[in-house]
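Chemist: Handing over coords-v3.cif, mmCIF, C-alpha atoms and all ligand atoms.
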```cif
data_upload
#
loop_
_atom_site.label_atom_id
_atom_site.label_comp_id
_atom_site.auth_asym_id
_atom_site.auth_seq_id
_atom_site.Cartn_x
_atom_site.Cartn_y
_atom_site.Cartn_z
CA MET A 130 25.98 -10.12 -185.78
CA LEU A 131 28.96 -9.00 -187.84
CA GLN A 132 29.83 -5.40 -187.15
CA PHE A 133 32.51 -4.54 -189.68
CA MET A 134 32.39 -3.40 -193.30
CA LEU A 135 34.93 -4.64 -195.80
CA LYS A 136 35.88 -2.76 -198.93
CA LEU A 137 35.54 -4.60 -202.23
CA SER A 138 37.15 -2.65 -205.04
CA ALA A 139 36.07 -3.02 -208.66
CA SER A 140 39.33 -4.81 -209.41
CA GLU A 141 38.96 -7.47 -206.72
CA VAL A 142 37.22 -10.79 -206.23
CA HIS A 143 36.78 -12.07 -202.69
CA ILE A 144 36.26 -15.76 -202.01
CA TRP A 145 35.15 -16.96 -198.59
CA TYR A 146 35.04 -20.62 -197.71
CA VAL A 147 34.10 -22.80 -194.74
CA PHE A 148 35.11 -26.38 -194.02
CA SER A 149 31.55 -27.13 -193.08
CA GLU A 150 32.13 -30.35 -191.18
CA ARG A 151 33.87 -28.27 -188.49
CA SER A 152 30.92 -26.09 -187.48
CA THR A 153 28.44 -28.47 -186.00
CA SER A 154 27.48 -27.26 -182.52
CA PRO A 155 23.68 -27.22 -182.13
CA GLU A 156 23.84 -23.62 -180.89
CA THR A 157 25.73 -22.52 -184.03
CA LEU A 158 23.26 -24.34 -186.25
CA ARG A 159 20.34 -22.62 -184.50
CA SER A 160 21.93 -19.23 -185.09
CA TYR A 161 22.42 -20.08 -188.78
CA GLU A 162 18.80 -21.11 -188.98
CA ASP A 163 17.69 -17.76 -187.58
CA LEU A 164 19.20 -16.12 -190.69
CA LEU A 165 17.07 -18.07 -193.18
CA SER A 166 13.94 -16.78 -194.91
CA MET A 167 10.75 -18.88 -194.84
CA ASP A 168 11.44 -20.05 -198.41
CA GLU A 169 14.97 -21.08 -197.50
CA LYS A 170 13.68 -23.01 -194.49
CA LYS A 171 11.22 -24.85 -196.75
CA ARG A 172 13.99 -25.65 -199.23
CA ARG A 173 16.25 -26.86 -196.40
CA ASP A 174 13.45 -29.13 -195.13
CA SER A 175 12.93 -30.56 -198.62
CA PHE A 176 16.35 -32.27 -198.66
CA ALA A 177 15.95 -35.99 -198.03
CA PHE A 178 19.29 -36.48 -196.28
CA VAL A 179 20.70 -34.77 -193.19
CA THR A 180 23.94 -33.90 -195.03
CA GLY A 181 21.98 -32.10 -197.79
CA LYS A 182 20.02 -30.07 -195.22
CA TYR A 183 23.24 -29.25 -193.38
CA GLU A 184 25.26 -28.14 -196.43
CA TYR A 185 22.35 -25.99 -197.60
CA LEU A 186 22.05 -24.34 -194.17
CA VAL A 187 25.78 -23.54 -193.94
CA ALA A 188 25.80 -22.25 -197.54
CA ARG A 189 22.92 -19.83 -196.89
CA ALA A 190 24.51 -18.64 -193.64
CA LEU A 191 27.83 -18.09 -195.43
CA LEU A 192 26.13 -16.24 -198.30
CA ARG A 193 24.07 -13.94 -196.06
CA THR A 194 26.90 -13.10 -193.66
CA THR A 195 29.37 -12.65 -196.54
CA LEU A 196 27.15 -10.11 -198.33
CA SER A 197 26.72 -8.25 -195.03
CA ARG A 198 30.49 -7.84 -194.75
CA TYR A 199 30.26 -5.37 -197.64
CA ALA A 200 27.05 -3.45 -196.96
CA GLU A 201 25.37 -2.29 -193.80
CA ILE A 202 22.53 -4.76 -194.18
CA ASP A 203 21.39 -7.26 -191.58
CA PRO A 204 22.20 -10.77 -192.91
CA ARG A 205 18.50 -11.70 -192.53
CA SER A 206 17.37 -8.83 -194.75
CA TRP A 207 18.78 -10.01 -198.09
CA ILE A 208 16.10 -11.08 -200.55
CA PHE A 209 17.14 -13.20 -203.53
CA ALA A 210 15.61 -13.77 -206.95
CA GLN A 211 16.57 -16.42 -209.50
CA ASN A 212 17.24 -16.05 -213.20
CA ALA A 213 15.48 -18.38 -215.65
CA TYR A 214 18.15 -21.06 -215.07
CA GLY A 215 18.09 -20.93 -211.27
CA ARG A 216 21.03 -18.61 -210.57
CA PRO A 217 20.30 -16.65 -207.39
CA GLU A 218 20.99 -12.92 -207.40
CA VAL A 219 20.41 -10.11 -204.92
CA ALA A 220 16.91 -8.69 -205.50
CA GLU A 221 16.69 -6.43 -202.44
CA PRO A 222 17.88 -4.27 -200.84
CA ALA A 223 19.32 -2.52 -203.87
CA VAL A 224 22.95 -1.93 -202.94
CA LEU A 225 25.20 0.23 -205.10
CA PRO A 226 27.60 -0.68 -206.49
CA ARG A 227 25.82 -3.94 -207.28
CA LEU A 228 27.17 -7.01 -205.49
CA MET A 229 27.29 -10.18 -207.59
CA PHE A 230 27.96 -13.56 -206.04
CA ASN A 231 27.99 -17.28 -206.64
CA ILE A 232 28.08 -20.15 -204.16
CA SER A 233 29.12 -23.77 -204.38
CA HIS A 234 28.96 -26.60 -201.89
CA CYS A 235 29.98 -30.21 -201.60
CA GLN A 236 30.09 -32.41 -198.55
CA GLY A 237 32.55 -30.75 -196.17
CA LEU A 238 33.09 -27.46 -197.99
CA VAL A 239 31.06 -24.36 -198.87
CA ALA A 240 32.45 -21.40 -200.85
CA CYS A 241 31.07 -18.01 -201.80
CA ALA A 242 32.64 -15.60 -204.33
CA VAL A 243 31.71 -11.92 -204.38
CA VAL A 244 32.52 -9.21 -206.91
CA VAL A 245 31.25 -5.79 -207.99
CA ASP A 246 28.93 -6.03 -210.98
CA ARG A 247 30.55 -8.81 -213.03
CA GLU A 248 29.55 -12.30 -214.08
CA ILE A 249 31.08 -14.74 -211.61
CA GLY A 250 30.96 -18.49 -211.03
CA ILE A 251 32.56 -20.77 -208.47
CA ASP A 252 32.68 -24.53 -208.11
CA VAL A 253 34.09 -26.79 -205.39
CA GLU A 254 34.41 -30.56 -205.53
CA ASP A 255 35.61 -33.33 -203.25
CA ILE A 256 38.20 -35.11 -205.38
CA GLY A 257 37.95 -38.21 -203.23
CA ARG A 258 34.48 -38.81 -204.63
CA ASN A 259 34.35 -42.09 -206.45
CA GLN A 260 34.40 -41.23 -210.17
CA GLN A 261 35.22 -42.81 -213.47
CA PRO A 262 37.17 -39.81 -214.79
CA LEU A 263 37.68 -41.00 -218.35
CA ASP A 264 34.10 -42.22 -218.85
CA ILE A 265 32.70 -38.91 -217.65
CA ALA A 266 35.27 -36.92 -219.61
CA VAL A 267 34.42 -38.71 -222.85
CA SER A 268 30.77 -37.73 -222.51
CA CYS A 269 31.26 -34.17 -221.11
CA PHE A 270 34.69 -32.80 -222.02
CA SER A 271 36.20 -31.45 -225.26
CA GLU A 272 38.49 -33.62 -227.37
CA SER A 273 41.67 -31.81 -226.23
CA GLU A 274 40.66 -32.15 -222.57
CA VAL A 275 40.04 -35.90 -223.01
CA ASN A 276 43.38 -36.32 -224.81
CA ASP A 277 45.17 -34.49 -222.00
CA LEU A 278 43.59 -36.79 -219.40
CA ARG A 279 44.48 -39.89 -221.43
CA SER A 280 48.11 -38.76 -221.57
CA LEU A 281 48.42 -38.67 -217.77
CA PRO A 282 49.30 -41.57 -215.48
CA PRO A 283 46.31 -42.69 -213.35
CA SER A 284 47.90 -41.16 -210.21
CA LEU A 285 47.62 -37.64 -211.71
CA ARG A 286 44.38 -38.14 -213.59
CA ASP A 287 41.89 -37.60 -210.75
CA ARG A 288 43.25 -34.17 -209.79
CA ARG A 289 43.39 -33.06 -213.43
CA PHE A 290 39.88 -34.37 -214.05
CA PHE A 291 38.55 -32.24 -211.19
CA GLU A 292 40.49 -29.21 -212.41
CA TYR A 293 38.65 -29.44 -215.74
CA TRP A 294 35.37 -30.28 -214.07
CA THR A 295 35.42 -27.35 -211.61
CA LEU A 296 36.55 -24.95 -214.35
CA LYS A 297 33.75 -26.08 -216.66
CA GLU A 298 31.18 -25.70 -213.91
CA SER A 299 32.56 -22.32 -212.83
CA TYR A 300 32.18 -21.06 -216.40
CA ILE A 301 28.61 -22.30 -216.87
CA LYS A 302 27.73 -20.90 -213.45
CA ALA A 303 29.25 -17.52 -214.29
CA ARG A 304 27.19 -17.41 -217.47
CA GLY A 305 24.14 -18.44 -215.40
CA LEU A 306 22.84 -20.60 -218.24
CA GLY A 307 23.24 -24.12 -216.80
CA PHE A 308 23.18 -26.88 -219.40
CA ALA A 309 21.96 -24.53 -222.10
CA LEU A 310 25.74 -24.24 -222.63
CA PRO A 311 27.02 -27.47 -224.21
CA LEU A 312 29.99 -28.64 -222.16
CA LYS A 313 31.91 -30.06 -225.10
CA GLU A 314 31.79 -26.76 -226.98
CA PHE A 315 34.26 -24.95 -224.75
CA SER A 316 37.66 -26.12 -223.77
CA PHE A 317 40.34 -25.34 -221.19
CA ASP A 318 44.07 -25.25 -221.74
CA LEU A 319 45.95 -26.00 -218.51
CA ASP A 320 49.49 -25.61 -219.82
CA PRO A 321 51.39 -24.36 -216.71
CA ALA A 322 53.42 -22.00 -218.93
CA HIS A 323 50.51 -19.52 -218.96
CA PRO A 324 47.35 -18.68 -216.98
CA VAL A 325 44.32 -20.93 -217.54
CA ARG A 326 42.81 -20.26 -220.97
CA ILE A 327 39.40 -21.00 -222.42
CA SER A 328 38.46 -21.42 -226.09
CA PHE A 329 35.03 -21.73 -227.69
CA SER A 330 33.64 -23.62 -230.66
CA PRO A 331 31.60 -21.50 -233.11
CA ARG A 332 28.44 -22.67 -231.29
CA ILE A 333 29.30 -20.46 -228.30
CA SER A 334 29.42 -16.75 -228.81
CA ASP A 335 31.89 -15.46 -226.25
CA ASP A 336 35.31 -13.84 -226.10
CA PRO A 337 38.05 -15.93 -224.44
CA LYS A 338 40.01 -12.78 -223.62
CA SER A 339 37.20 -11.44 -221.44
CA TRP A 340 37.58 -14.25 -218.88
CA GLN A 341 39.87 -14.86 -215.96
CA PHE A 342 40.06 -18.22 -214.21
CA GLU A 343 41.66 -19.40 -211.02
CA LEU A 344 42.29 -22.95 -209.84
CA THR A 345 42.94 -23.54 -206.14
CA ALA A 346 43.51 -26.79 -204.28
CA LEU A 347 42.11 -25.79 -200.88
CA SER A 348 43.38 -29.05 -199.37
CA PRO A 349 44.40 -32.46 -200.72
CA ARG A 350 40.67 -33.27 -200.69
CA PHE A 351 39.04 -30.15 -202.16
CA GLN A 352 39.44 -28.56 -205.59
CA MET A 353 38.02 -25.10 -206.33
CA ALA A 354 37.75 -23.09 -209.54
CA LEU A 355 36.61 -19.54 -210.18
CA ALA A 356 35.49 -17.88 -213.43
CA VAL A 357 35.06 -14.12 -213.62
CA ARG A 358 34.35 -11.80 -216.55
CA LYS A 359 37.04 -9.14 -216.63
CA ALA A 360 37.34 -5.90 -218.54
CA GLN A 361 40.29 -5.06 -220.76
CA GLY A 362 43.48 -4.46 -218.85
CA PRO A 363 45.18 -6.14 -215.94
CA ASP A 364 43.83 -9.22 -214.21
CA LEU A 365 41.57 -8.86 -211.21
CA SER A 366 43.06 -9.55 -207.83
CA ILE A 367 41.55 -12.67 -206.26
CA ILE A 368 41.64 -12.89 -202.46
CA THR A 369 40.70 -16.25 -200.93
CA ARG A 370 40.04 -16.56 -197.19
CA GLU A 371 38.64 -19.11 -194.79
CA ALA A 372 35.64 -17.45 -193.17
CA PRO A 373 35.93 -16.96 -189.41
CA ALA A 374 32.88 -17.84 -187.26
CA LEU A 375 29.89 -16.75 -189.34
CA ILE A 376 27.87 -15.40 -186.43
C1 LIG A 401 24.22 -24.88 -210.89
C2 LIG A 401 24.82 -26.07 -211.57
C3 LIG A 401 25.34 -25.69 -212.92
C4 LIG A 401 25.96 -26.50 -210.68
O1 LIG A 401 25.50 -27.22 -209.60
P1 LIG A 401 26.39 -28.16 -208.68
O2 LIG A 401 27.80 -28.21 -209.12
O3 LIG A 401 25.65 -29.40 -208.55
O4 LIG A 401 26.30 -27.39 -207.30
P2 LIG A 401 27.12 -26.20 -206.70
O5 LIG A 401 27.15 -26.48 -205.25
O6 LIG A 401 28.42 -25.92 -207.37
O7 LIG A 401 26.22 -24.93 -207.00
C5 LIG A 401 24.93 -24.86 -206.55
C6 LIG A 401 24.61 -23.40 -206.32
O8 LIG A 401 24.78 -22.66 -207.53
C7 LIG A 401 23.76 -21.67 -207.61
N1 LIG A 401 23.07 -21.87 -208.88
C8 LIG A 401 21.92 -22.53 -209.15
N2 LIG A 401 21.64 -22.44 -210.47
C9 LIG A 401 22.63 -21.73 -211.03
C10 LIG A 401 22.90 -21.29 -212.37
N3 LIG A 401 22.08 -21.55 -213.39
N4 LIG A 401 24.00 -20.55 -212.60
C11 LIG A 401 24.83 -20.23 -211.59
N5 LIG A 401 24.65 -20.62 -210.30
C12 LIG A 401 23.55 -21.35 -210.03
C13 LIG A 401 22.87 -21.84 -206.39
O9 LIG A 401 23.26 -20.90 -205.43
C14 LIG A 401 23.17 -23.25 -205.94
O10 LIG A 401 23.11 -23.41 -204.54
P3 LIG A 401 21.73 -23.57 -203.77
O11 LIG A 401 20.91 -24.51 -204.59
O12 LIG A 401 22.12 -24.11 -202.43
O13 LIG A 401 21.16 -22.19 -203.70
C15 LIG A 401 23.75 -27.12 -211.68
O14 LIG A 401 22.67 -26.57 -212.33
C16 LIG A 401 24.11 -28.35 -212.45
O15 LIG A 401 23.36 -28.70 -213.29
N6 LIG A 401 25.22 -29.02 -212.19
C17 LIG A 401 25.68 -30.22 -212.82
C18 LIG A 401 26.54 -29.87 -213.99
C19 LIG A 401 27.42 -31.01 -214.43
O16 LIG A 401 27.17 -32.18 -214.23
N7 LIG A 401 28.51 -30.60 -215.06
C20 LIG A 401 29.50 -31.46 -215.50
C21 LIG A 401 30.74 -30.61 -215.66
S1 LIG A 401 31.86 -31.41 -216.64
#
```
Will you turn the file into structure tokens for me?

Modeler:
Amino acid sequence: MLQFMLKLSASEVHIWYVFSERSTSPETLRSYEDLLSMDEKKRRDSFAFVTGKYEYLVARALLRTTLSRYAEIDPRSWIFAQNAYGRPEVAEPAVLPRLMFNISHCQGLVACAVVVDREIGIDVEDIGRNQQPLDIAVSCFSESEVNDLRSLPPSLRDRRFFEYWTLKESYIKARGLGFALPLKEFSFDLDPAHPVRISFSPRISDDPKSWQFELTALSPRFQMALAVRKAQGPDLSIITREAPALI
């Protein structure tokens, strides 16, 4: 079990990630499994494909061991509840200050973001996934996002598409509202002259200035985006690390 406690200040976000295809020894998988609750084991078993079961297992192990880096709680003891749209949150034990988290997984990568008492969302995607960027953008993205994609040569379009995609998902995940938030009604501006900005149509009641975003290409294959609600004042400090052995 992990023995050390990390400090997470109110002005920091910590992101931990695992290239999940690298941690496949049967012994390691058994020790991950030992961390899961009965409900998590049932959910893991419900995935039809081995890769789905595997990503879920690694994600839960990463989540439980990550939370236990910040509080003296056995990784098996965390109990989670879901909001009405499925966002998991810590239900017990009640740790103060309150730890908020979000996880994301795709084949080959799992990431977990942790912060003190703020809305937070993270999304990771494999940009090698076969997509039709413009078709998807036309049905899901704002007009300015679609125009930006159209202006790019095909060689740059895939990466930009996934930058928008992960940002949009990170925002809806931070809000915890899933598709109740219409994807076309908020828009990102990726002009490199300034930090990533969001804007909202009148259908979404939110303040663009209260959000901070971060885009990270973790490797040529994986794109990650983070959305975090910040207070007035300076930006939060975002620290991204590859997790060492989880157990
Ligand atoms: C949660 C959601 C918003 C993102 O899911 P996703 O990108 O498929 O999957 P991710 O791996 O990034 O995130 C899944 C994790 O988010 C968390 N999650 C679930 N519901 C959530 C919600 N409403 N809000 C925040 N987080 C949520 C869970 O921990 C989940 O992992 P788990 O099921 O293993 O516990 C999902 O509900 C969804 O509908 N996604 C598709 C959205 C889409 O197509 N967007 C197009 C963008 S342009």

Chemist: List all protein, DNA and RNA residues that have any atom at most 6 Å from ligand LIG 401 (chain A), counting all atoms listed in the file, and write the list as a short mmCIF file (atom, residue, chain, number, x, y, z; two decimals) with C-alpha atoms, in the frame of the given file.

Modeler:
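Once everything was written out, this is pocket32.cif:
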```cif
data_model
loop_
_atom_site.label_atom_id
_atom_site.label_comp_id
_atom_site.auth_asym_id
_atom_site.auth_seq_id
_atom_site.Cartn_x
_atom_site.Cartn_y
_atom_site.Cartn_z
CA TYR A 185 22.35 -25.99 -197.60
CA TYR A 214 18.15 -21.06 -215.07
CA GLY A 215 18.09 -20.93 -211.27
CA ARG A 216 21.03 -18.61 -210.57
CA PRO A 217 20.30 -16.65 -207.39
CA ASN A 231 27.99 -17.28 -206.64
CA ILE A 232 28.08 -20.15 -204.16
CA SER A 233 29.12 -23.77 -204.38
CA HIS A 234 28.96 -26.60 -201.89
CA CYS A 235 29.98 -30.21 -201.60
CA ASP A 252 32.68 -24.53 -208.11
CA CYS A 269 31.26 -34.17 -221.11
CA TRP A 294 35.37 -30.28 -214.07
CA LYS A 297 33.75 -26.08 -216.66
CA GLU A 298 31.18 -25.70 -213.91
CA LYS A 302 27.73 -20.90 -213.45
CA ALA A 303 29.25 -17.52 -214.29
CA GLY A 305 24.14 -18.44 -215.40
CA LEU A 306 22.84 -20.60 -218.24
CA GLY A 307 23.24 -24.12 -216.80
#
```

Chemist: Looking at A:Arg370, A:Arg227, A:Arg288, A:Arg358, which one is nearest to A:Gly250, with distances taken over all atoms listed in the file?

Modeler: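 Using all atoms listed in the file, A:Gly250 sits closest to A:Arg358.
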
Chemist: Name the residues in contact with stretch 143-152 of chain A at a cut-off of 7 Å, using all atoms listed in the file, excluding same-chain residues fewer than 6 positions from it; report them as a PyMOL selection string.

Modeler: chain A and resi 187+237-244+367-372

Chemist: Can you tell me which residues surround stretch 309-322 of chain A at a distance of at most 12 Å, considering only C-alpha atoms, apart from same-chain residues fewer than 4 positions away, and format the answer as a VMD selection string?

Modeler: chain A and resid 213 to 214 265 to 278 289 to 290 292 to 305 326 to 337 340 to 344 356

Chemist: State, in Å with one decimal place, the distance from atom CA of A:Ala223 to atom CA of A:Ser366.

Modeler: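 So the answer is 25.1 Å.
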
Chemist: Have a look at A:Ser154, A:Phe176, A:Gln236, A:Gln211 and name the one nearest to A:Arg258; count only C-alpha atoms.

Modeler: A:Gln236

Chemist: Quick one: what's the axis-aligned box for stretch 330-334 of chain A, all listed atoms, 8 Å on every side, centre and edges in Å to one decimal, as lines of an AutoDock Vina configuration file?

Modeler:
```
center_x = 31.0
center_y = -20.2
center_z = -230.7
size_x = 21.2
size_y = 22.9
size_z = 20.8
```

Chemist: So which residues touch A:Ser206 within 9 Å, counting all atoms listed in the file, skipping near sequence neighbours fewer than 6 positions away, as a list in words?

Modeler: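 Surrounding residues, per the criterion: Leu164, Ser166, Arg193, Glu221 and Pro222 of chain A.
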
Chemist: Would you mind reading off the distance between atom CA of A:Val179 and atom CA of A:Arg198, one decimal, in Å?

Modeler: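 Between atom CA of A:Val179 and atom CA of A:Arg198 the gap is 28.7 Å.
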
Chemist: Could you jot down the atom CA of A:Ser140 to atom CA of A:Lys359 separation for me, Å, one decimal place?

Modeler: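 Distance between the two atoms: 8.7 Å.
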
Chemist: Go through A:Phe178, A:Gln352, A:Ala374, A:Ser284 one by one, measure the shortest atom-to-atom distance of each to A:Ala190 using only C-alpha atoms, and give the residue with the smallest value.

Modeler: A:Ala374

Chemist: Mind filling out stretch 181-212 of chain A with N, CA and C atoms and sending it as a CSV table (one decimal), in the frame of the given file?

Modeler:
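The resulting part_1.csv:
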```csv
chain,number,residue,atom,x,y,z
A,181,GLY,N,22.5,-33.1,-196.8
A,181,GLY,CA,22.0,-32.1,-197.8
A,181,GLY,C,21.4,-30.9,-197.1
A,182,LYS,N,20.6,-31.2,-196.0
A,182,LYS,CA,20.0,-30.1,-195.2
A,182,LYS,C,21.1,-29.2,-194.6
A,183,TYR,N,22.2,-29.9,-194.1
A,183,TYR,CA,23.2,-29.2,-193.4
A,183,TYR,C,24.1,-28.4,-194.3
A,184,GLU,N,24.5,-28.9,-195.5
A,184,GLU,CA,25.3,-28.1,-196.4
A,184,GLU,C,24.5,-26.9,-196.9
A,185,TYR,N,23.2,-27.1,-197.1
A,185,TYR,CA,22.4,-26.0,-197.6
A,185,TYR,C,22.3,-24.9,-196.5
A,186,LEU,N,22.1,-25.3,-195.3
A,186,LEU,CA,22.0,-24.3,-194.2
A,186,LEU,C,23.4,-23.5,-194.1
A,187,VAL,N,24.5,-24.2,-194.1
A,187,VAL,CA,25.8,-23.5,-193.9
A,187,VAL,C,26.0,-22.6,-195.1
A,188,ALA,N,25.6,-23.1,-196.3
A,188,ALA,CA,25.8,-22.2,-197.5
A,188,ALA,C,25.0,-21.0,-197.4
A,189,ARG,N,23.7,-21.1,-197.0
A,189,ARG,CA,22.9,-19.8,-196.9
A,189,ARG,C,23.5,-18.9,-195.8
A,190,ALA,N,23.9,-19.5,-194.7
A,190,ALA,CA,24.5,-18.6,-193.6
A,190,ALA,C,25.8,-18.0,-194.2
A,191,LEU,N,26.6,-18.7,-194.9
A,191,LEU,CA,27.8,-18.1,-195.4
A,191,LEU,C,27.5,-17.0,-196.4
A,192,LEU,N,26.5,-17.2,-197.3
A,192,LEU,CA,26.1,-16.2,-198.3
A,192,LEU,C,25.6,-15.0,-197.6
A,193,ARG,N,24.7,-15.1,-196.7
A,193,ARG,CA,24.1,-13.9,-196.1
A,193,ARG,C,25.1,-13.1,-195.3
A,194,THR,N,25.9,-13.8,-194.5
A,194,THR,CA,26.9,-13.1,-193.7
A,194,THR,C,28.0,-12.5,-194.5
A,195,THR,N,28.3,-13.2,-195.6
A,195,THR,CA,29.4,-12.6,-196.5
A,195,THR,C,28.9,-11.4,-197.2
A,196,LEU,N,27.7,-11.3,-197.7
A,196,LEU,CA,27.2,-10.1,-198.3
A,196,LEU,C,27.1,-9.0,-197.3
A,197,SER,N,26.8,-9.3,-196.1
A,197,SER,CA,26.7,-8.2,-195.0
A,197,SER,C,28.1,-7.8,-194.6
A,198,ARG,N,29.2,-8.4,-195.0
A,198,ARG,CA,30.5,-7.8,-194.8
A,198,ARG,C,30.7,-6.6,-195.6
A,199,TYR,N,30.0,-6.4,-196.7
A,199,TYR,CA,30.3,-5.4,-197.6
A,199,TYR,C,29.2,-4.3,-197.7
A,200,ALA,N,28.1,-4.5,-197.0
A,200,ALA,CA,27.0,-3.4,-197.0
A,200,ALA,C,26.4,-3.5,-195.6
A,201,GLU,N,26.0,-2.3,-195.1
A,201,GLU,CA,25.4,-2.3,-193.8
A,201,GLU,C,24.0,-2.8,-193.8
A,202,ILE,N,23.8,-4.1,-194.1
A,202,ILE,CA,22.5,-4.8,-194.2
A,202,ILE,C,22.6,-5.9,-193.2
A,203,ASP,N,21.5,-6.1,-192.5
A,203,ASP,CA,21.4,-7.3,-191.6
A,203,ASP,C,21.4,-8.5,-192.4
A,204,PRO,N,22.2,-9.6,-192.1
A,204,PRO,CA,22.2,-10.8,-192.9
A,204,PRO,C,20.8,-11.4,-193.2
A,205,ARG,N,19.9,-11.1,-192.3
A,205,ARG,CA,18.5,-11.7,-192.5
A,205,ARG,C,17.7,-10.9,-193.6
A,206,SER,N,18.2,-9.7,-193.9
A,206,SER,CA,17.4,-8.8,-194.8
A,206,SER,C,17.6,-9.0,-196.3
A,207,TRP,N,18.6,-9.8,-196.6
A,207,TRP,CA,18.8,-10.0,-198.1
A,207,TRP,C,17.6,-10.8,-198.7
A,208,ILE,N,17.1,-10.3,-199.8
A,208,ILE,CA,16.1,-11.1,-200.6
A,208,ILE,C,16.7,-11.4,-201.9
A,209,PHE,N,16.5,-12.7,-202.3
A,209,PHE,CA,17.1,-13.2,-203.5
A,209,PHE,C,16.1,-13.5,-204.6
A,210,ALA,N,16.5,-13.3,-205.8
A,210,ALA,CA,15.6,-13.8,-207.0
A,210,ALA,C,16.5,-14.7,-207.8
A,211,GLN,N,15.8,-15.5,-208.7
A,211,GLN,CA,16.6,-16.4,-209.5
A,211,GLN,C,16.4,-16.0,-211.0
A,212,ASN,N,17.4,-16.2,-211.8
A,212,ASN,CA,17.2,-16.0,-213.2
A,212,ASN,C,16.5,-17.3,-213.8
```
